Each structure stands twice: as C-alpha cells, then as structure tokens.
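Colleague: Pasting a structure below so you can have a look.
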Amino acid sequence: MNGASSSSADVVIVGTGHGGAQAAIALRQQGHEGTIMLIGRDSVPPYERPPLSKEYLSGDKTFERIMIRPEKFWADKGIDLQLGRGVSEIDWMRHAVTLTDDSTIGYRKLIWAGGADPRRLGIPGANLKGIYYVRDKRDADAMMAALDGGAKRAAVIGGGYIGLEAAAVLRKLGCDVTVIEMQDRVLARVAGEEMARFYEAEHRRQGVDMRLSQGVSAILGDDSKVTGVELEGGEVVECEMVVVGIGIVPAVAPLIAAGAAGSDGVDVDVFCRTTLDDIYAIGDCAAHANDFAGSAVIRLESVQNANDMANTVARAIMGDKQPYHALPWFWSNQYDLKLQTAGLNIGFDATVLRGDPEARKFTVVYLKEGRPIAFDCVNSMKDYVQGRKMLEAGVDRIDPALLANSEVPLKELM
C-alpha cells in the first residue's frame with residue numbers, strides 16, 4: 001500500500017481519520033468514478049479514534065473491531081491508500097502537494113482532513129519516557145505495553161473527556177489514578193457545573209484521586225523514565241505513567257503557509273471550501289459558522305462533524321451543493337455511565353435538571369433565553385433521541401417546570 005502508485009489523482013484526501021475516510025466513501029457512494037488517493041500519517045488503515053481511550057485501551061475491542069472498514073474495502077473501491085506519509089507543502093496554483101518524502105502528488109480537488117495534534121506539555125521533564133497522549137493507535141498500544149510491563153500508578157493531566165475516559169479505563173485495569181485539572185472542575189470547557197460535579201463524585205467513588213485547581217510544574221524522572229508529577233505547590237504525585245489530555249492543536253500548517261485564511265484552524269464556507277481554489281477542509285481543523293452556535297465561527301471536535309462535513313464536500317464535488325447544517329452530537333463512556341450530548345451549550349444562561357443523578361439516569365437541559373439549546377443525557381437514551389429532534393425542530397421557549405418533569409416525555413413538549 002505504501003509508495004505512490006501514481007503522481008496524481010482526481011481527488012486527494014489528506015488524513016485517514018473519520019473525516020478523510022468518510023469523504024472517500026461518500027465520493028464512491030455518490031458515483032465518483034475518478035481516482036481517489038487517501039494520504040495519512042498513520043501506518044494502518046482508517047480506524048475509529050474515540051474507542052482508543054475507551055474499549056480499545058481496556059481490551060474490550062480488538063483493532064479489527066474499530067477499523068472503519070475492513071482493509072480489503074479500500075482496494076475494492078479503488079481508493080489508493082498512502083499510509084505512513086504526511087504532507088509538508090501545498091502549491092494551490094499548481095494543484096499539487098509535496099509529501100514529507102519530497103515526492104509530489106497532483107490533484108484536481110484536495111480535501112484536507114488532517115485533524116489535529118495533541119497539545120504538548122511545555123514543562124521540565126516533558127520528554128521523559130512514560131508520558132502518553134491518546135490520539136492514535138500507537139499511543140494506545142504504548143500505554144497497553146506499559147501496563148503489561150507493570151505500571152500501576154498513573155497521573156492523568158487534564159479533566160476533559162479524554163482524561164476522564166482514560167482514568168476510568170485505568171481504574172478498571174487496577175491502576176491507582178490521580179486526575180490533575182487546572183480548572184476548579186472537570187469538563188469545564190464542555191459541560192455545566194451539575195454534570196461536572198456528578199462526574200467528579202463518580203470518579204472519586206471509583207477510587208480516583210481528583211486534584212482540582214492544580215497546575216503541574218514538572219514531570220520527574222529517573223533514568224529517563226517517569227517517576228512522578230510535581231504540582232505547582234511542590235507536592236509530588238508518584239507514578240509510573242502520565243496520560244496527557246490538555247486539548248489539541250489543529251494540523252493545518254501547510255494550508256496556512258499556502259495562504260489559506262484561518263486563525264484557530266482553517267476557515268471554511270458553508271460548503272467546507274477554504275479560501276484556496278479547489279481545496280476543502282473538514283473535521284476538527286475546520287472553522288465554520290455553525291447554525292447551532294448562533295452562527296459563531298467554531299471548530300467542532302467530534303465524529304459527527306467530521307462525517308457530516310465529509311458528506312457535504314462529496315456532494316459539492318459531485319455537483320449537488322448543499323450547505324453544511326447538522327446538529328452537533330457527542331458521547332462519552334465512563335464506567336457504566338453513557339453520556340450523550342445533543343446540541344451546543346455555548347452561551348447558556350440557565351439549566352434544568354430532569355431525573356435523579358443518584359439513580360444514575362438523568363438529563364441536564366441547557367437554556368438560552370428560555371429556549372433549549374443542548375441536552376446532556378446520562379444513561380437516558382429516550383431524552384437524548386427526543387432532545388435531538390427537539391433541537392432540530394428549533395423549538396422556542398418551554399416552561400422549565402415541564403422540562404424538569406421526567407415523567408413528561410420531551411416529545412410531548414414539542
């Protein structure tokens with residue numbers, strides 16, 4: 001599969017994550033008969049990323065079960081997989097990309113699905129062995145090897161979804177786990193306080209040591225291996241492994257260097273076109289005006305966004321232009337809790353609680369000027385499904401007392 005089989009393709013797709021893979025699949029589904037080349041830095045065929053910090057790390061799913069399609073699929077569909085290769089430069093005027101091995105690939109249309117790279121620690125000891133960023137299969141495999149090698153104490157830096165999911169799996173595997181978060185609560189960027197406090201309490205109940213409002217000053221080591229994390233107050237959390245989940249950096253350097261507009265990621269229009277001719281961008285790195293965020297320009301780090309943007313681009317290339325308009329949704333599995341989110345809680349000014357957190361089945365509804373804009377549903381599939389439909393329908397104000405009554409189905413409030 002490696003080694004360029006041609007010097008050009010009708011459509012070149014950079015990135016083999018959800019967005020890139022779906023773009024190739026959607027083009028074929030929509031009848032594209034030209035050549036398609038899929039270029040990715042990963043050395044293995046496209047696979048799902050979310051399970052890396054969940055089912056794959058825990059051993060509940062093999063790699064074959066998280067592959068987006070069986071390996072044979074790509075050849076059968078005439079999609080040229082170029083694995084273990086990256087793009088270093090784009091010449092949009094010549095319609096060509098230069099790879100990191102200095103080879104050049106021409107294109108008619110270019111789809112940038114490069115995703116993002118994990119934000120790295122910038123403190124003393126950040127290059128020690130035993131520090132892991134859960135962004136690709138190689139990272140997860142290295143963590144599994146460390147656990148097999150006897151690592152029993154883990155420090156998780158960052159209390160977002162990635163950090164908490166990793167903490168839950170590590171506890172399940174018998175590790176002592178400490179979560180270190182700079183903010184005064186977990187999930188500070190993505191969830192309201194009720195949800196944050198619920199998850200903090202759950203992790204503590206499961207034996208996780210939660211350190212909130214704590215910064216990290218250094219990673220300590222012995223013979224180049226991690227031995228602990230030094231907090232800003234001087235305390236040392238002893239450990240054999242450190243898992244870092246402190247956000248991502250959009251991987252768009254070649255696009256920006258080529259002249260594409262963008263500050264946080266790369267800017268795209270309603271058809272996911274960049275400001276460079278015949279170049280599209282999708283997924284985590286694509287900054288777009290989102291209908292469900294009051295038209296604010298945002299990036300969305302979700303499988304839903306990557307897949308829906310991929311479908312938008314495939315249609316546009318095939319001459320069926322339909323603006324991107326898709327309700328954002330997300331999920332997170334921790335212990336026996338399945339959190340499903342519909343919508344974006346950006347700018348919410350009130351919340352309503354449906355159900356009982358003590359019963360481990362409840363929903364937080366986010367309101368803006370009395371109107372529901374997002375739902376966080378814990379073990380509450382019905383609320384999630386009906387909440388999605390409510391947001392897609394664009395309902396107006398709803399009596400908070402009715403929303404709070406979990407005996408009243410959401411569909412009856414539409």
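Every chain in the structure tokens takes a letter, A first, then B, and so on in the order presented; its residues are numbered from 1, and the ligands are numbered from 1 following the presented order.
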Can you pull out the residues contacting Ala168 in chain A? Cut-off 9 Å, using only C-alpha atoms, and skip same-chain residues under 5 positions away; I want them as a PDB file with C-alpha atoms, in the first residue's frame.

Modeller:
```pdb
ATOM      1  CA  LYS A  54     -12.249   3.505  25.914  1.00  0.00           C
ATOM      2  CA  GLY A 163      -8.551  12.377  30.530  1.00  0.00           C
ATOM      3  CA  LEU A 173      -7.485  -2.237  34.868  1.00  0.00           C
ATOM      4  CA  VAL A 177      -5.161   7.020  39.318  1.00  0.00           C
ATOM      5  CA  HIS A 203     -14.616   9.177  39.799  1.00  0.00           C
ATOM      6  CA  GLN A 206     -14.425   4.667  41.877  1.00  0.00           C
ATOM      7  CA  VAL A 208      -9.730   8.214  41.623  1.00  0.00           C
ATOM      8  CA  ASN A 333     -18.375   6.260  28.105  1.00  0.00           C
ATOM      9  CA  GLN A 334     -17.025   6.185  31.662  1.00  0.00           C
ATOM     10  CA  TYR A 335     -17.573   3.181  33.943  1.00  0.00           C
TER      11      TYR A 335
END
```

Colleague: Set the distance at 12 Å and use only C-alpha atoms: which residues neighbour Glu55 in chain A once local chain neighbours fewer than 2 positions away are removed? I'd like the list as a list in words.

Modeller: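 My list of contacting residues is Glu48, Arg49, Pro50, Pro51, Leu52, Ser53, Leu57, Ser58, Gly59, Asp60, Lys61, Thr62, Phe63, Arg65, Ile66, Ala140, Glu165, Ala166, Ala168, Val169, Leu170, Lys172, Leu173, Ser332, Asn333, Gln334 and Tyr335 of chain A.
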
Colleague: Please write the residues from the selection above to a file, keeping C-alpha atoms, as a PDB file, in the first residue's frame.

Modeller:
```pdb
ATOM      1  CA  GLU A  48     -12.230   4.915  14.780  1.00  0.00           C
ATOM      2  CA  ARG A  49     -10.466   7.260  17.206  1.00  0.00           C
ATOM      3  CA  PRO A  50     -12.920   7.551  20.154  1.00  0.00           C
ATOM      4  CA  PRO A  51     -12.529   3.883  21.236  1.00  0.00           C
ATOM      5  CA  LEU A  52      -8.775   4.396  21.732  1.00  0.00           C
ATOM      6  CA  SER A  53      -9.340   5.860  25.213  1.00  0.00           C
ATOM      7  CA  LEU A  57      -7.366   0.640  25.684  1.00  0.00           C
ATOM      8  CA  SER A  58      -9.373  -1.582  28.034  1.00  0.00           C
ATOM      9  CA  GLY A  59      -9.002  -4.576  25.713  1.00  0.00           C
ATOM     10  CA  ASP A  60     -12.768  -4.861  25.174  1.00  0.00           C
ATOM     11  CA  LYS A  61     -12.309  -4.318  21.418  1.00  0.00           C
ATOM     12  CA  THR A  62      -9.573  -5.552  19.089  1.00  0.00           C
ATOM     13  CA  PHE A  63      -8.134  -3.272  16.433  1.00  0.00           C
ATOM     14  CA  ARG A  65     -13.324  -4.156  15.513  1.00  0.00           C
ATOM     15  CA  ILE A  66     -12.515  -0.438  15.455  1.00  0.00           C
ATOM     16  CA  ALA A 140      -2.805   3.446  22.997  1.00  0.00           C
ATOM     17  CA  GLU A 165     -12.192   8.251  29.906  1.00  0.00           C
ATOM     18  CA  ALA A 166      -8.573   7.186  30.301  1.00  0.00           C
ATOM     19  CA  ALA A 168     -11.994   5.234  34.069  1.00  0.00           C
ATOM     20  CA  VAL A 169     -10.272   2.561  31.965  1.00  0.00           C
ATOM     21  CA  LEU A 170      -7.100   2.658  34.063  1.00  0.00           C
ATOM     22  CA  LYS A 172     -10.927  -0.753  35.602  1.00  0.00           C
ATOM     23  CA  LEU A 173      -7.485  -2.237  34.868  1.00  0.00           C
ATOM     24  CA  SER A 332     -18.510   9.659  26.379  1.00  0.00           C
ATOM     25  CA  ASN A 333     -18.375   6.260  28.105  1.00  0.00           C
ATOM     26  CA  GLN A 334     -17.025   6.185  31.662  1.00  0.00           C
ATOM     27  CA  TYR A 335     -17.573   3.181  33.943  1.00  0.00           C
TER      28      TYR A 335
END
```

Colleague: Running DSSP on the backbone, which parts of range 227-264 of chain A land in strand (DSSP E or B), as a list in words?

Modeller: Thr227, Gly228, Val229, Glu230, Leu231, Val236, Val237, Glu238, Met241, Val242, Val243, Val244, Ile248, Val249 and Pro250 of chain A

Colleague: Please list as a PyMOL selection string every residue within 9 Å of Gln304 in chain A, counting only C-alpha atoms and excluding residues in the same chain fewer than 4 positions away.

Modeller: chain A and resi 18+283+300+308-309+326-330

Colleague: Please save N, CA and C atoms of the selected residues as a short mmCIF file (atom, residue, chain, number, x, y, z; two decimals), in the first residue's frame.

Modeller:
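Contents of again.cif, as written:
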```
data_model
loop_
_atom_site.label_atom_id
_atom_site.label_comp_id
_atom_site.auth_asym_id
_atom_site.auth_seq_id
_atom_site.Cartn_x
_atom_site.Cartn_y
_atom_site.Cartn_z
N HIS A 18 -11.78 9.84 10.69
CA HIS A 18 -13.19 9.71 10.31
C HIS A 18 -13.55 10.57 9.10
N GLY A 283 -13.73 18.46 9.43
CA GLY A 283 -13.39 17.85 10.71
C GLY A 283 -12.87 18.82 11.76
N LEU A 300 -15.42 22.08 15.65
CA LEU A 300 -16.09 21.02 16.39
C LEU A 300 -15.22 19.77 16.39
N ASP A 308 -20.29 14.46 8.75
CA ASP A 308 -21.25 15.31 8.03
C ASP A 308 -20.56 16.30 7.10
N MET A 309 -19.42 16.83 7.52
CA MET A 309 -18.67 17.70 6.63
C MET A 309 -18.14 16.92 5.42
N ALA A 326 -25.86 20.56 10.34
CA ALA A 326 -26.05 19.31 11.06
C ALA A 326 -25.97 19.57 12.56
N LEU A 327 -26.92 19.02 13.30
CA LEU A 327 -26.92 19.17 14.75
C LEU A 327 -25.71 18.47 15.35
N PRO A 328 -24.88 19.17 16.12
CA PRO A 328 -23.73 18.52 16.75
C PRO A 328 -24.17 17.53 17.83
N TRP A 329 -23.48 16.40 17.89
CA TRP A 329 -23.72 15.46 18.98
C TRP A 329 -22.41 14.76 19.34
N PHE A 330 -22.34 14.33 20.59
CA PHE A 330 -21.11 13.76 21.15
C PHE A 330 -21.48 12.64 22.12
#
```

Colleague: Taking the backbone alone, and naming residues the way the document does, which bits of range 103-277 of chain A are helix (DSSP H, G or I) by DSSP, as a PyMOL selection string?

Modeller: chain A and resi 137-148+161-172+193-205+253-257

Colleague: Mind checking which residues fall within 6 Å of Leu110 in chain A, counting only C-alpha atoms, ignoring those fewer than 4 positions away in the same chain, and posting them as a JSON list (two decimals) with C-alpha atoms, in the first residue's frame?

Modeller:
```json
[["chain", "number", "residue", "atom", "x", "y", "z"],
["A", 11, "VAL", "CA", -9.30, 13.80, -5.58],
["A", 12, "VAL", "CA", -6.53, 13.76, -2.99],
["A", 13, "ILE", "CA", -7.65, 13.46, 0.64],
["A", 279, "ILE", "CA", -9.30, 22.96, -1.59]]
```

Colleague: Record the distance separating CA of Cys175 in chain A and CA of Lys152 in chain A, expressed in Å with one decimal.

Modeller: 4.7 Å
